[in-house]
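Peer 1: Below is structure.csv; it holds CSV, C-alpha atoms.
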chain,number,residue,atom,x,y,z
A,256,MET,CA,139.6,109.3,105.8
A,257,THR,CA,139.2,109.5,109.6
A,258,PRO,CA,139.5,106.4,111.9
A,259,THR,CA,135.8,106.4,112.5
A,260,GLN,CA,134.8,106.2,108.9
A,261,HIS,CA,134.3,102.9,107.1
A,262,LYS,CA,136.1,102.0,103.9
A,263,PRO,CA,133.8,101.3,100.9
A,264,ALA,CA,132.3,97.9,100.7
A,265,THR,CA,134.5,95.2,99.1
A,266,ALA,CA,133.8,91.7,97.9
A,267,ALA,CA,133.9,89.1,100.6
A,268,HIS,CA,136.7,86.5,100.4
A,269,SER,CA,135.7,82.9,99.5
A,270,LEU,CA,135.7,80.2,102.2
A,271,THR,CA,137.8,77.1,101.8
A,272,GLY,CA,135.7,74.9,104.1
A,273,GLN,CA,138.6,74.6,106.6
A,274,GLU,CA,138.1,77.8,108.6
A,275,PRO,CA,137.5,77.4,112.4
A,276,LEU,CA,134.0,78.4,113.5
A,277,PHE,CA,133.3,80.5,116.6
A,278,ILE,CA,129.7,80.2,117.5
A,279,VAL,CA,128.0,82.7,119.8
A,280,LEU,CA,124.9,81.0,121.1
A,281,ASN,CA,122.3,82.8,123.2
A,282,THR,CA,120.9,80.0,125.4
A,283,GLY,CA,118.1,82.2,126.5
A,284,SER,CA,116.6,83.1,123.1
A,285,GLY,CA,114.6,81.3,120.5
A,286,ARG,CA,111.9,78.7,120.5
A,287,GLY,CA,113.7,75.4,121.2
A,288,ASP,CA,115.7,73.9,124.0
A,289,ALA,CA,119.2,75.3,124.3
A,290,GLN,CA,120.8,71.9,125.0
A,291,ILE,CA,119.1,70.3,121.9
A,292,LEU,CA,120.4,73.2,119.9
A,293,GLN,CA,124.0,72.7,121.1
A,294,ASP,CA,123.8,69.0,120.6
A,295,THR,CA,122.6,69.4,117.0
A,296,ILE,CA,125.4,71.9,116.3
A,297,ARG,CA,128.1,69.5,117.8
A,298,ARG,CA,126.8,66.5,115.9
A,299,ILE,CA,126.7,68.1,112.5
A,300,LEU,CA,130.1,69.8,112.9
A,301,ASP,CA,131.8,66.7,114.4
A,302,GLU,CA,130.4,64.7,111.4
A,303,ALA,CA,131.8,67.3,109.0
A,304,GLY,CA,135.2,67.3,110.8
A,305,ARG,CA,135.1,71.1,111.3
A,306,ARG,CA,137.0,72.9,114.0
A,307,TYR,CA,134.7,75.0,116.1
A,308,GLU,CA,134.2,76.5,119.5
A,309,LEU,CA,130.7,77.0,121.1
A,310,MET,CA,130.5,80.2,123.1
A,311,PRO,CA,127.2,80.0,125.0
A,312,VAL,CA,125.8,83.2,126.6
A,313,GLN,CA,123.3,82.9,129.4
A,314,ASP,CA,123.3,86.5,130.6
A,315,PRO,CA,122.2,88.9,127.7
A,316,SER,CA,124.5,91.6,129.1
A,317,ARG,CA,127.4,89.4,128.2
A,318,LEU,CA,126.4,89.0,124.5
A,319,THR,CA,128.4,91.9,123.1
A,320,ALA,CA,131.6,90.9,125.1
A,321,THR,CA,131.3,87.3,123.9
A,322,ALA,CA,130.8,88.4,120.3
A,323,GLU,CA,133.9,90.6,120.6
A,324,ALA,CA,135.9,87.7,121.9
A,325,ALA,CA,134.6,85.6,119.0
A,326,VAL,CA,135.6,88.2,116.4
A,327,THR,CA,139.1,88.5,117.9
A,328,ARG,CA,139.7,84.8,117.7
A,329,ALA,CA,138.3,84.6,114.2
A,330,GLN,CA,140.7,87.4,113.1
A,331,GLU,CA,143.6,85.6,114.7
A,332,GLN,CA,142.8,82.3,113.1
A,333,GLN,CA,141.1,83.4,109.8
A,334,GLY,CA,137.9,81.9,111.1
A,335,VAL,CA,134.1,82.6,110.9
A,336,VAL,CA,131.8,84.0,113.5
A,337,ILE,CA,128.3,82.4,113.7
A,338,ALA,CA,125.4,83.8,115.7
A,339,ALA,CA,122.7,81.4,117.0
A,340,GLY,CA,119.6,82.9,118.5
A,341,GLY,CA,116.7,85.3,117.9
A,342,ASP,CA,116.7,88.6,116.0
A,343,GLY,CA,118.3,90.5,118.9
A,344,THR,CA,121.2,88.0,119.1
A,345,LEU,CA,121.8,88.2,115.3
A,346,ASN,CA,121.7,92.0,115.6
A,347,ALA,CA,124.1,92.2,118.5
A,348,VAL,CA,126.7,89.8,117.0
A,349,ALA,CA,126.4,91.4,113.5
A,350,GLY,CA,127.0,94.8,115.0
A,351,VAL,CA,130.4,93.6,116.4
A,352,VAL,CA,131.3,91.7,113.1
A,353,LEU,CA,130.6,94.6,110.8
A,354,GLY,CA,133.7,96.2,109.4
A,355,LYS,CA,136.1,93.6,111.1
A,356,GLY,CA,136.9,91.6,107.9
A,357,VAL,CA,135.3,88.4,109.4
A,358,PRO,CA,132.7,86.3,107.6
A,359,PHE,CA,129.4,86.0,109.4
A,360,GLY,CA,127.0,83.1,109.6
A,361,ILE,CA,123.6,82.8,111.3
A,362,LEU,CA,121.5,80.0,112.9
A,363,PRO,CA,118.2,81.8,113.3
A,364,GLN,CA,116.0,80.9,116.2
A,365,GLY,CA,113.4,83.8,116.2
A,366,THR,CA,109.7,83.7,115.5
A,367,PHE,CA,109.6,85.3,112.0
A,368,ASN,CA,113.2,85.0,110.8
A,369,TYR,CA,112.8,87.7,108.1
A,370,PHE,CA,116.6,88.2,107.9
A,371,GLY,CA,117.5,84.6,107.4
A,372,ARG,CA,114.6,83.8,105.0
A,373,SER,CA,115.6,86.7,102.8
A,374,TYR,CA,118.9,84.9,102.1
A,375,GLY,CA,117.7,81.3,101.9
A,376,ILE,CA,118.8,80.5,105.5
A,377,SER,CA,116.4,78.0,107.2
A,378,GLN,CA,115.0,78.4,110.7
A,379,ASP,CA,115.7,74.6,111.1
A,380,THR,CA,119.1,74.5,112.8
A,381,GLU,CA,120.3,71.4,111.0
A,382,VAL,CA,119.2,72.6,107.5
A,383,ALA,CA,120.8,76.1,108.2
A,384,LEU,CA,124.1,74.6,109.4
A,385,ARG,CA,124.4,72.2,106.5
A,386,GLY,CA,123.6,75.1,104.2
A,387,PHE,CA,126.3,77.2,105.9
A,388,LEU,CA,128.9,74.4,105.4
A,389,GLN,CA,128.3,74.6,101.6
A,390,GLY,CA,127.9,78.4,101.5
A,391,GLN,CA,130.0,81.4,100.7
A,392,PRO,CA,130.0,85.0,102.0
A,393,ARG,CA,128.0,87.6,100.1
A,394,PRO,CA,128.0,91.4,100.9
A,395,VAL,CA,124.6,92.2,102.5
A,396,GLN,CA,123.2,95.8,103.1
A,397,VAL,CA,122.4,96.7,106.7
A,398,GLY,CA,121.0,99.9,108.2
A,399,MET,CA,122.4,102.2,110.9
A,400,LEU,CA,120.5,104.2,113.5
A,401,ASN,CA,122.7,106.7,115.5
A,402,GLY,CA,125.7,104.4,114.7
A,403,ARG,CA,124.0,101.2,115.7
A,404,LEU,CA,123.3,98.4,113.2
A,405,PHE,CA,119.9,97.0,112.3
A,406,LEU,CA,119.3,94.1,110.0
A,407,VAL,CA,115.5,94.1,109.5
A,408,ASN,CA,114.0,97.4,110.8
A,409,ALA,CA,114.3,100.2,113.3
A,410,SER,CA,111.4,102.2,114.7
A,411,LEU,CA,110.0,104.6,117.3
A,412,GLY,CA,106.6,105.4,118.7
A,413,LEU,CA,103.8,102.8,118.6
A,414,TYR,CA,105.8,100.0,117.0
A,415,PRO,CA,108.2,99.6,119.9
A,416,GLN,CA,105.2,99.5,122.2
A,417,LEU,CA,103.7,96.7,120.1
A,418,LEU,CA,107.0,94.8,120.4
A,419,GLU,CA,107.1,95.3,124.2
A,420,ASP,CA,103.5,94.1,124.6
A,421,ARG,CA,104.1,91.2,122.2
A,422,GLU,CA,107.1,90.0,124.3
A,423,ALA,CA,105.0,90.1,127.5
A,424,TYR,CA,102.3,88.0,125.8
A,425,LYS,CA,104.9,85.5,124.6
A,426,GLN,CA,106.3,85.1,128.1
A,427,LYS,CA,102.8,84.3,129.3
A,428,TYR,CA,101.2,82.4,126.3
A,429,GLY,CA,104.2,81.1,124.4
A,430,ARG,CA,105.9,82.1,121.1
A,431,SER,CA,103.6,81.9,118.1
A,432,ARG,CA,102.3,84.2,115.3
A,433,MET,CA,98.8,84.1,116.7
A,434,VAL,CA,100.0,85.3,120.1
A,435,ALA,CA,101.9,88.1,118.3
A,436,LEU,CA,98.7,89.1,116.4
A,437,TRP,CA,96.5,89.0,119.5
A,438,SER,CA,98.9,91.2,121.5
A,439,GLY,CA,98.9,93.7,118.6
A,440,LEU,CA,95.1,93.9,118.7
A,441,VAL,CA,95.1,94.5,122.4
A,442,THR,CA,97.8,97.2,122.2
A,443,LEU,CA,95.9,99.1,119.6
A,444,LEU,CA,92.9,99.4,122.0
A,445,ARG,CA,94.9,102.0,123.9
A,446,ALA,CA,94.8,105.3,122.2
A,447,PRO,CA,98.4,105.7,120.8
A,448,ARG,CA,100.3,108.9,121.6
A,449,GLN,CA,101.0,111.1,118.5
A,450,LEU,CA,104.6,112.2,117.8
A,451,SER,CA,105.4,115.5,116.1
A,452,LEU,CA,108.3,114.6,113.8
A,453,LEU,CA,110.6,116.8,111.7
A,454,LEU,CA,112.0,114.7,108.9
A,455,ASP,CA,115.0,115.8,106.9
A,456,HIS,CA,116.2,113.7,103.9
A,457,GLY,CA,117.8,114.7,100.6
A,458,GLY,CA,118.0,118.3,101.8
A,459,GLN,CA,114.2,118.5,102.2
A,460,ALA,CA,112.5,119.0,105.5
A,461,ARG,CA,108.9,118.1,106.3
A,462,ASN,CA,106.7,118.0,109.4
A,463,LEU,CA,104.7,114.9,110.2
A,464,ARG,CA,102.4,113.9,113.0
A,465,SER,CA,102.3,110.1,113.4
A,466,PRO,CA,101.9,107.5,116.1
A,467,THR,CA,104.9,105.6,114.7
A,468,LEU,CA,107.8,105.7,112.3
A,469,VAL,CA,109.3,102.4,111.0
A,470,VAL,CA,112.4,102.2,108.8
A,471,GLY,CA,112.8,98.9,106.9
A,472,ASN,CA,115.8,97.2,105.5
A,473,ASN,CA,114.2,93.9,104.6
A,474,LYS,CA,112.6,93.3,101.2
A,475,LEU,CA,110.7,90.2,102.4
A,476,GLN,CA,109.1,91.9,105.3
A,477,LEU,CA,108.1,94.9,103.2
A,478,GLU,CA,106.6,92.7,100.5
A,479,HIS,CA,104.6,90.9,103.1
A,480,ILE,CA,102.9,94.0,104.3
A,481,GLY,CA,102.5,95.5,100.8
A,482,ILE,CA,105.1,98.3,100.8
A,483,GLU,CA,107.1,99.0,97.6
A,484,SER,CA,110.6,97.8,98.2
A,485,ALA,CA,112.4,98.0,94.9
A,486,GLU,CA,114.7,100.8,96.0
A,487,LEU,CA,116.3,98.6,98.7
A,488,ASP,CA,118.3,97.3,95.7
A,489,GLN,CA,119.7,100.8,95.2
A,490,ASN,CA,121.4,101.1,98.6
A,491,ARG,CA,118.5,102.8,100.2
A,492,LEU,CA,116.2,102.2,103.2
A,493,ILE,CA,112.3,102.5,103.3
A,494,ALA,CA,110.6,104.8,105.8
A,495,MET,CA,106.9,104.2,106.7
A,496,ALA,CA,104.6,106.2,108.9
A,497,ALA,CA,100.9,106.3,109.7
A,498,ARG,CA,99.0,109.6,109.7
A,499,PRO,CA,97.0,110.4,112.9
A,500,VAL,CA,94.0,108.1,112.9
A,501,GLY,CA,91.6,106.5,115.5
A,502,THR,CA,91.7,103.0,116.8
A,503,LEU,CA,89.3,101.6,114.2
A,504,ALA,CA,91.5,103.0,111.4
A,505,LEU,CA,94.6,101.5,113.0
A,506,TYR,CA,92.8,98.1,113.0
A,507,GLY,CA,92.2,98.7,109.4
A,508,LEU,CA,95.9,99.3,108.7
A,509,LEU,CA,96.8,96.2,110.7
A,510,LEU,CA,94.4,94.2,108.5
A,511,ARG,CA,95.8,95.7,105.3
A,512,GLY,CA,99.3,94.7,106.5
A,513,LEU,CA,98.2,91.2,107.1
A,514,PHE,CA,96.8,91.0,103.5
A,515,SER,CA,99.9,92.7,102.0
A,516,ARG,CA,98.0,95.9,101.1
A,517,LEU,CA,99.4,98.5,103.5
A,518,GLY,CA,101.0,100.4,100.6
A,519,GLU,CA,97.5,101.1,99.3
A,520,ALA,CA,96.2,102.7,102.5
A,521,GLU,CA,95.6,106.5,102.3
A,522,HIS,CA,96.8,106.9,105.9
A,523,VAL,CA,100.2,105.5,105.2
A,524,VAL,CA,103.2,107.5,104.1
A,525,SER,CA,106.3,105.7,102.7
A,526,PHE,CA,109.4,106.8,100.9
A,527,ALA,CA,113.0,105.6,100.2
A,528,PHE,CA,116.1,107.4,101.3
A,529,ASP,CA,119.8,106.9,101.9
A,530,ARG,CA,120.0,109.2,104.9
A,531,LEU,CA,117.2,110.5,107.1
A,532,THR,CA,117.4,112.7,110.2
A,533,VAL,CA,114.4,112.7,112.6
A,534,ALA,CA,113.8,115.2,115.3
A,535,VAL,CA,110.9,114.6,117.8
A,536,ARG,CA,109.4,117.8,119.1
A,537,GLY,CA,109.5,118.0,122.9
A,538,ARG,CA,111.6,114.9,123.2
A,539,ARG,CA,115.3,114.7,123.9
A,540,ARG,CA,115.2,111.0,124.2
A,541,VAL,CA,112.9,108.4,122.6
A,542,LYS,CA,112.2,104.7,122.9
A,543,VAL,CA,113.3,102.9,119.8
A,544,ALA,CA,113.2,99.3,118.6
A,545,MET,CA,116.0,97.7,116.5
A,546,ASP,CA,115.3,94.2,115.2
A,547,GLY,CA,112.9,93.7,118.1
A,548,GLU,CA,115.2,95.0,120.9
A,549,ILE,CA,114.0,98.0,122.8
A,550,SER,CA,116.3,100.8,124.0
A,551,TRP,CA,116.4,104.6,124.6
A,552,MET,CA,118.2,107.0,122.2
A,553,ASP,CA,119.0,110.7,122.2
A,554,THR,CA,117.4,112.8,119.5
A,555,PRO,CA,117.8,113.7,116.7
A,556,LEU,CA,117.8,110.2,115.2
A,557,GLU,CA,119.9,109.5,112.1
A,558,PHE,CA,119.0,106.6,109.9
A,559,LYS,CA,121.3,105.6,107.0
A,560,VAL,CA,122.7,102.7,105.0
A,561,ALA,CA,125.9,101.4,106.6
A,562,ASP,CA,129.1,102.3,104.7
A,563,GLU,CA,130.2,98.7,104.7
A,564,ARG,CA,128.3,95.6,103.9
A,565,LEU,CA,128.0,92.5,106.1
A,566,PRO,CA,129.8,89.4,104.8
A,567,LEU,CA,126.9,87.0,105.3
A,568,VAL,CA,127.5,83.3,104.5
A,569,VAL,CA,124.7,82.3,102.2
A,570,PRO,CA,123.8,78.7,101.2
A,571,ALA,CA,125.0,77.7,97.8
A,572,ASP,CA,121.5,76.9,96.6
A,573,SER,CA,120.1,80.2,97.8
A,574,GLN,CA,118.1,82.3,95.2
A,575,TYR,CA,119.7,85.4,96.7
A,576,LEU,CA,121.6,87.4,94.1
A,577,ASP,CA,124.5,89.6,95.1
A,578,ARG,CA,123.3,93.1,94.4
A,579,SER,CA,126.4,95.0,95.4
Please, can you express the file's structure as structure tokens?
Peer 2:
Amino acid sequence: MTPTQHKPATAAHSLTGQEPLFIVLNTGSGRGDAQILQDTIRRILDEAGRRYELMPVQDPSRLTATAEAAVTRAQEQQGVVIAAGGDGTLNAVAGVVLGKGVPFGILPQGTFNYFGRSYGISQDTEVALRGFLQGQPRPVQVGMLNGRLFLVNASLGLYPQLLEDREAYKQKYGRSRMVALWSGLVTLLRAPRQLSLLLDHGGQARNLRSPTLVVGNNKLQLEHIGIESAELDQNRLIAMAARPVGTLALYGLLLRGLFSRLGEAEHVVSFAFDRLTVAVRGRRRVKVAMDGEISWMDTPLEFKVADERLPLVVPADSQYLDRS
């Protein structure tokens, strides 16, 4: 096995309740006041008599470095790393934790919280933290895109544009699901650019023209839009793409998604895979979104299930079942 390869997933070690906690907190993300969030964390952990260190991050460019410092301290002291923030924060810290033998906890602050909700982790900080204190690590599947982790989904084409526009609307009108919906309607008014994709999975190649390709790793999100997700239980990811359609048909697809019927739409292609390579004709680099964060990547793109699982601390009363 080469140094760059991961070892097969193994069962996470149980927590004793005495481990020190290293909390990476993005003070610029989420819906609430950062000081209130820190005060809540301090109050609950002080009451519980837990050792902890808050590691606030104001500059997003320092998030990865702070997460790396937290992981190093957790390795040295047999501790736990906790990420507090929106989806991008959880993604960044999880990407550092994966494969390091350190348990991982989350205090979700994002708008939709698909990742946390999938494992019974509340968006309410006090509820989530008290659940963590009674929880145990469970191995959780994550996806990879060109070597970078994603927890919920990764995409290219129209979907990243929707996310960029949504963020701009949130900055102007505030964070809410109605604002997110309205920004999506406005984005679809612009004729989306069609991508010429060459998809290769399972040794089979196919050409597809589509305004967007989304790869999902979250059963809750897929169920909400009406896409079959059973194969996520079999160490696979789900790819979704829309065939070339006009603006009116795109509105129809959006409505189907809102009513959990996207899987019934004739213009939607979806399939499960464990590894997928995507070439984009005429593009050496493309804009991608991973758990809501936008970046540029070189093509071809390779999506796959991560070799190792993420040791996520799940509340004791969660209905999540270990499927490893």
Peer 1: Skipping near chain neighbours, those fewer than 3 positions away, what residues fall within 6 Å of stretch 337-342 of chain A using all atoms listed in the file, listed as JSON, numbers by chain?
Peer 2: {"A": [278, 279, 280, 281, 284, 285, 345, 359, 360, 361, 362, 363, 364, 365, 546]}
Peer 1: At a cut-off of 7 Å, using only C-alpha atoms, what residues contact A:Pro555? Leave out same-chain residues fewer than 3 positions from it and give the result as a ChimeraX atom specification.
Peer 2: /A:532-534
Peer 1: What is the distance, in Å and to one decimal place, between atom CA of A:Val541 and atom CA of A:Glu563?
Peer 2: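 The value is 26.7 Å.
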Peer 1: In Å, with one decimal, what is the gap from atom CA of A:Ser465 to atom CA of A:Met552?
Peer 2: 18.4 Å
Peer 1: Any idea what the distance is between atom CA of A:Gln459 and atom CA of A:Ser484?
Peer 2: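 Computing it gives 21.4 Å between the two atoms.
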Peer 1: List as a list in words the protein and nucleic acid residues near A:Arg305, meaning an atom at most 8 Å away when all atoms listed in the file are counted, but skip any in the same chain fewer than 6 places from it.
Peer 2: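 Near neighbours after the sequence-gap exclusion: Gln273, Glu274, Pro275 and Leu276 of chain A.
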Peer 1: Residues within 9 Å of A:Asp553, please, as a PyMOL selection string. Count only C-alpha atoms; anything in the same chain fewer than 4 positions from it doesn't count.
Peer 2: chain A and resi 401+538-541
Peer 1: For A:Phe526, work out the shell of residues within 10 Å, counting all atoms listed in the file and skipping chain neighbours fewer than 6 positions away, then give it as JSON, numbers by chain.
Peer 2: {"A": [470, 482, 483, 484, 486, 491, 492, 493, 494, 495, 496]}
Peer 1: Restrict the selected residues to C-alpha atoms and save them as a tab-separated table (two decimals), keeping the file's coordinate frame.
Peer 2:
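Result file follows (again_32.tsv):
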chain	number	residue	atom	x	y	z
A	470	VAL	CA	112.40	102.20	108.80
A	482	ILE	CA	105.10	98.30	100.80
A	483	GLU	CA	107.10	99.00	97.60
A	484	SER	CA	110.60	97.80	98.20
A	486	GLU	CA	114.70	100.80	96.00
A	491	ARG	CA	118.50	102.80	100.20
A	492	LEU	CA	116.20	102.20	103.20
A	493	ILE	CA	112.30	102.50	103.30
A	494	ALA	CA	110.60	104.80	105.80
A	495	MET	CA	106.90	104.20	106.70
A	496	ALA	CA	104.60	106.20	108.90
Peer 1: A:Thr282, A:Gln332, A:Thr271, A:Gln290: which is nearest A:Pro315, counting all atoms listed in the file?
Peer 2: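 Closest residue, counting all atoms listed in the file: A:Thr282.
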Peer 1: Looking at A:Leu292, A:Lys474, A:Val407, A:Gln378, which one is nearest to A:Pro311, with distances taken over all atoms listed in the file?
Peer 2: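 Looking only at the distances to A:Pro311, the closest residue turns out to be A:Leu292.
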Peer 1: Using only C-alpha atoms, what residues lie at most 9 Å away from (134.0, 82.2, 119.6) (file coordinates), given as a VMD selection string?
Peer 2: chain A and resid 276 to 279 307 to 311 321 to 329 335 to 337
Peer 1: For stretch 351-366 of chain A, what centre and edge lengths in Å (one decimal) does the axis-aligned box get once 6 Å is added on each side of all its listed atoms, as AutoDock Vina command-line options?
Peer 2:
--center_x 123.3 --center_y 88.1 --center_z 112.0 --size_x 39.2 --size_y 28.2 --size_z 20.8
